[in-house]
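First comes the structure, then the notes that go with it.
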Amino acid sequence: MNPEFWFTEKYSETCGFTFKVKEVLQTKTSKFQRLDILDTYDFGRVMLLDGLVMLTEKDEFVYHEMITNVPLFAHPNPKDVLVIGGGDGGTVRELSKHTYLNSITEVEIDDIVVKGAKEFMMFVGCGYDNKKVNLIIGDGIEFVKDKKSAYDVIIVDSTDPFGPAEGLFSGEFYSNVKNALRENGFVVAQAENPYYDTKWMMRSVNNMRKAFENSVECYLAYIPTYPSGMWNFAIGYKGVKPSKSFDSGRYNKLGLKLKYYNEKIHRACFALPEFVKELLDKNV
Ligand code: AG3
């Protein structure tokens with residue numbers, strides 16, 4: 001009889017999320033982190049970084065559509081976009097659908113993520129097929145330091161706030177990001193969840209609030225394989241409020257075939273449950 005392999009991401013010492021593994025496709029360690037790519041029964045291929053689920057074949061569309069389309073359609077006229085992190089390619093795949101963009105730059109610190117995605121997860125790795133995508137292997141924190149008014153949208157597609165991603169949740173980083181943005185610019189960051197370790201969510205949101213003088217809104221999306229299934233994104237704005245702005249002309253003209261995002265979701269995702277509002281209002 002074949003042995004059974006199950007993987008668990010622990011959300012706390014006493015609870016977690018488990019799935020049965022068909023096959024381990026790759027395990028690699030870089031100087032930054034450990035990467036595992038699994039094949040599973042229920043979620044297809046799964047990428048783990050340091051034992052945390054980064055994406056699964058089945059539900060990655062929610063995260064990638066929501067981290068890109070909300071800021072892009074809220075912006076009146078985006079031309080140049082910067083992605084920090086996002087090595088798997090899912091975010092640049094979604095950005096590539098915005099064919100009117102002049103440039104898409106991605107700064108990923110760890111090339112094993114890019115290589116792993118290209119080898120085993122082409123459903124996201126295909127993001128690099130677009131010639132407009134300029135991939136730089138380097139440190140996003142350093143990269144933004146000397147950039148002034150260079151981008152319309154900056155997307156921070158990181159792992160959880162410890163290890164290599166820790167600095168991407170800091171106040172200093174967000175002030176540099178603000179300077180790197182043009183007028184009307186947006187920064188969007190994945191900002192954890194309101195159930196487990198809420199201090200991570202609050203740290204990220206509050207540091208962004210400091211840098212953007214409180215011009216920050218949060219929105220939610222439903223991602224079954226992330227802790228709690230309810231995922232928070234924080235968006236800092238220099239001009240219009242993203243919850244109030246949606247370019248329906250550009251949206252209709254592009255005619256994207258998406259699986260999660262649409263105009264109603266754009267407006268509705270900013271509606272927050274009372275307990276989330278309460279957490280965010282605490283401003284701790
Ligand atoms: N970035 C956000 C992953 C956060 C998940 N956290 C966890 N499983 N504890 C995903 C990168 C996809 N491009």
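Residue numbering restarts at 1 for every chain of the structure tokens, chains are lettered A, B, ... in their displayed order, and ligands are numbered from 1 as they appear.
Using only C-alpha atoms, the residues found no farther than 6 Å from region 109-123 of chain A, other than those of its own chain fewer than 5 positions away, are Gly87, Asp88, Ile137, Gly138 and Asp139 of chain A.
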Let me have all residues with an atom within 6 Å of ligand 1, counting only C-alpha atoms and all ligand atoms, laid out as a JSON list (two decimals) with N, CA and C atoms, in the first residue's frame.
[["chain", "number", "residue", "atom", "x", "y", "z"],
["A", 52, "LEU", "N", 4.32, 28.02, 3.77],
["A", 52, "LEU", "CA", 3.07, 28.79, 3.70],
["A", 52, "LEU", "C", 2.53, 28.73, 2.27],
["A", 53, "VAL", "N", 1.23, 28.56, 2.13],
["A", 53, "VAL", "CA", 0.63, 28.46, 0.79],
["A", 53, "VAL", "C", 0.67, 29.83, 0.11],
["A", 54, "MET", "N", 1.38, 29.90, -1.00],
["A", 54, "MET", "CA", 1.42, 31.14, -1.77],
["A", 54, "MET", "C", 0.32, 31.17, -2.81],
["A", 55, "LEU", "N", 0.10, 30.04, -3.45],
["A", 55, "LEU", "CA", -0.97, 29.99, -4.44],
["A", 55, "LEU", "C", -1.30, 28.54, -4.74],
["A", 86, "GLY", "N", 5.89, 38.86, -6.25],
["A", 86, "GLY", "CA", 5.09, 38.29, -7.35],
["A", 86, "GLY", "C", 5.86, 37.37, -8.27],
["A", 88, "ASP", "N", 6.00, 34.32, -8.88],
["A", 88, "ASP", "CA", 5.30, 33.23, -9.58],
["A", 88, "ASP", "C", 4.75, 33.66, -10.94],
["A", 90, "GLY", "N", 1.83, 35.33, -11.55],
["A", 90, "GLY", "CA", 0.38, 35.50, -11.62],
["A", 90, "GLY", "C", -0.05, 36.96, -11.75],
["A", 157, "ASP", "N", 3.24, 42.32, -3.94],
["A", 157, "ASP", "CA", 2.72, 40.95, -3.96],
["A", 157, "ASP", "C", 3.70, 40.07, -3.19],
["A", 158, "SER", "N", 3.58, 40.11, -1.86],
["A", 158, "SER", "CA", 4.62, 39.50, -1.03],
["A", 158, "SER", "C", 4.12, 38.29, -0.27],
["A", 159, "THR", "N", 5.05, 37.64, 0.43],
["A", 159, "THR", "CA", 4.66, 36.60, 1.37],
["A", 159, "THR", "C", 4.28, 37.27, 2.69],
["A", 160, "ASP", "N", 4.10, 36.47, 3.72],
["A", 160, "ASP", "CA", 3.76, 37.02, 5.03],
["A", 160, "ASP", "C", 4.93, 37.86, 5.57],
["A", 226, "TYR", "N", -6.07, 30.45, 1.75],
["A", 226, "TYR", "CA", -5.30, 31.33, 2.62],
["A", 226, "TYR", "C", -5.94, 31.32, 4.00],
["A", 227, "PRO", "N", -5.16, 31.60, 5.04],
["A", 227, "PRO", "CA", -5.70, 31.55, 6.40],
["A", 227, "PRO", "C", -7.00, 32.34, 6.55]]
7 Å contact set for Phe7 (chain A), only C-alpha atoms, chain neighbours under 4 positions out, as a PyMOL selection string: chain A and resi 18-21
Selection from above, N, CA and C atoms, as a PDB file, in the first residue's frame, can you write it?
ATOM      1  N   THR A  18      -5.249  21.500   5.843  1.00  0.00           N
ATOM      2  CA  THR A  18      -4.558  20.276   5.433  1.00  0.00           C
ATOM      3  C   THR A  18      -5.063  19.769   4.095  1.00  0.00           C
ATOM      4  N   PHE A  19      -4.164  19.344   3.237  1.00  0.00           N
ATOM      5  CA  PHE A  19      -4.608  18.617   2.052  1.00  0.00           C
ATOM      6  C   PHE A  19      -3.692  17.445   1.745  1.00  0.00           C
ATOM      7  N   LYS A  20      -4.279  16.472   1.067  1.00  0.00           N
ATOM      8  CA  LYS A  20      -3.524  15.274   0.718  1.00  0.00           C
ATOM      9  C   LYS A  20      -2.693  15.559  -0.535  1.00  0.00           C
ATOM     10  N   VAL A  21      -1.443  15.130  -0.492  1.00  0.00           N
ATOM     11  CA  VAL A  21      -0.492  15.430  -1.566  1.00  0.00           C
ATOM     12  C   VAL A  21      -0.349  14.235  -2.504  1.00  0.00           C
TER      13      VAL A  21
END
Which residues come within 8 Å of region 70-85 of chain A, counting only C-alpha atoms, excluding same-chain residues fewer than 2 positions away, as a VMD selection string? chain A and resid 66 to 68 87 91 to 92 100 to 109 140 150 to 158 184 to 188 235 240 to 248 250 to 251 266
Print the selection's residues with C-alpha atoms to a file, as a PDB file, in the first residue's frame.
ATOM      1  CA  MET A  66      -8.074  41.354  -7.213  1.00  0.00           C
ATOM      2  CA  ILE A  67      -4.564  42.649  -6.553  1.00  0.00           C
ATOM      3  CA  THR A  68      -4.307  44.022 -10.116  1.00  0.00           C
ATOM      4  CA  GLY A  87       7.820  35.919  -8.597  1.00  0.00           C
ATOM      5  CA  THR A  91       0.269  39.254 -11.094  1.00  0.00           C
ATOM      6  CA  VAL A  92       2.133  40.097 -14.310  1.00  0.00           C
ATOM      7  CA  TYR A 100      -2.696  49.774 -23.102  1.00  0.00           C
ATOM      8  CA  LEU A 101       0.087  49.837 -20.448  1.00  0.00           C
ATOM      9  CA  ASN A 102       3.485  51.248 -21.488  1.00  0.00           C
ATOM     10  CA  SER A 103       5.562  49.206 -19.084  1.00  0.00           C
ATOM     11  CA  ILE A 104       5.325  46.456 -16.504  1.00  0.00           C
ATOM     12  CA  THR A 105       8.364  46.131 -14.228  1.00  0.00           C
ATOM     13  CA  GLU A 106       8.722  43.409 -11.643  1.00  0.00           C
ATOM     14  CA  VAL A 107      11.362  43.245  -8.929  1.00  0.00           C
ATOM     15  CA  GLU A 108      11.535  39.804  -7.326  1.00  0.00           C
ATOM     16  CA  ILE A 109      14.216  39.005  -4.787  1.00  0.00           C
ATOM     17  CA  GLY A 140      12.359  45.743  -4.087  1.00  0.00           C
ATOM     18  CA  ALA A 150       7.989  56.932 -11.888  1.00  0.00           C
ATOM     19  CA  TYR A 151       4.908  54.692 -11.600  1.00  0.00           C
ATOM     20  CA  ASP A 152       1.123  54.999 -11.649  1.00  0.00           C
ATOM     21  CA  VAL A 153       0.466  51.785  -9.732  1.00  0.00           C
ATOM     22  CA  ILE A 154       2.770  49.822  -7.425  1.00  0.00           C
ATOM     23  CA  ILE A 155       1.678  46.324  -6.424  1.00  0.00           C
ATOM     24  CA  VAL A 156       3.283  44.660  -3.416  1.00  0.00           C
ATOM     25  CA  ASP A 157       2.717  40.946  -3.962  1.00  0.00           C
ATOM     26  CA  SER A 158       4.624  39.503  -1.035  1.00  0.00           C
ATOM     27  CA  ASN A 184      -3.180  59.949  -8.741  1.00  0.00           C
ATOM     28  CA  GLY A 185      -0.993  56.887  -8.031  1.00  0.00           C
ATOM     29  CA  PHE A 186      -1.995  53.833  -6.051  1.00  0.00           C
ATOM     30  CA  VAL A 187      -0.061  51.320  -4.013  1.00  0.00           C
ATOM     31  CA  VAL A 188      -1.764  48.051  -3.249  1.00  0.00           C
ATOM     32  CA  ILE A 235      -4.637  50.385  -1.077  1.00  0.00           C
ATOM     33  CA  VAL A 240      -9.161  59.668  -6.139  1.00  0.00           C
ATOM     34  CA  LYS A 241     -10.540  57.160  -3.642  1.00  0.00           C
ATOM     35  CA  PRO A 242     -10.352  53.706  -5.223  1.00  0.00           C
ATOM     36  CA  SER A 243     -13.735  52.675  -3.780  1.00  0.00           C
ATOM     37  CA  LYS A 244     -15.377  55.598  -5.586  1.00  0.00           C
ATOM     38  CA  SER A 245     -13.561  55.355  -8.866  1.00  0.00           C
ATOM     39  CA  PHE A 246     -14.036  52.843 -11.682  1.00  0.00           C
ATOM     40  CA  ASP A 247     -13.211  53.440 -15.345  1.00  0.00           C
ATOM     41  CA  SER A 248     -16.159  51.676 -16.950  1.00  0.00           C
ATOM     42  CA  ARG A 250     -11.784  51.210 -20.286  1.00  0.00           C
ATOM     43  CA  TYR A 251     -13.263  48.129 -18.587  1.00  0.00           C
ATOM     44  CA  HIS A 266     -15.031  46.560  -7.522  1.00  0.00           C
TER      45      HIS A 266
END
Computed interatomic separation between CA of Asp281 (chain A) and CA of Tyr237 (chain A) (Å):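 CA of Asp281 (chain A) sits 18.3 Å away from CA of Tyr237 (chain A).
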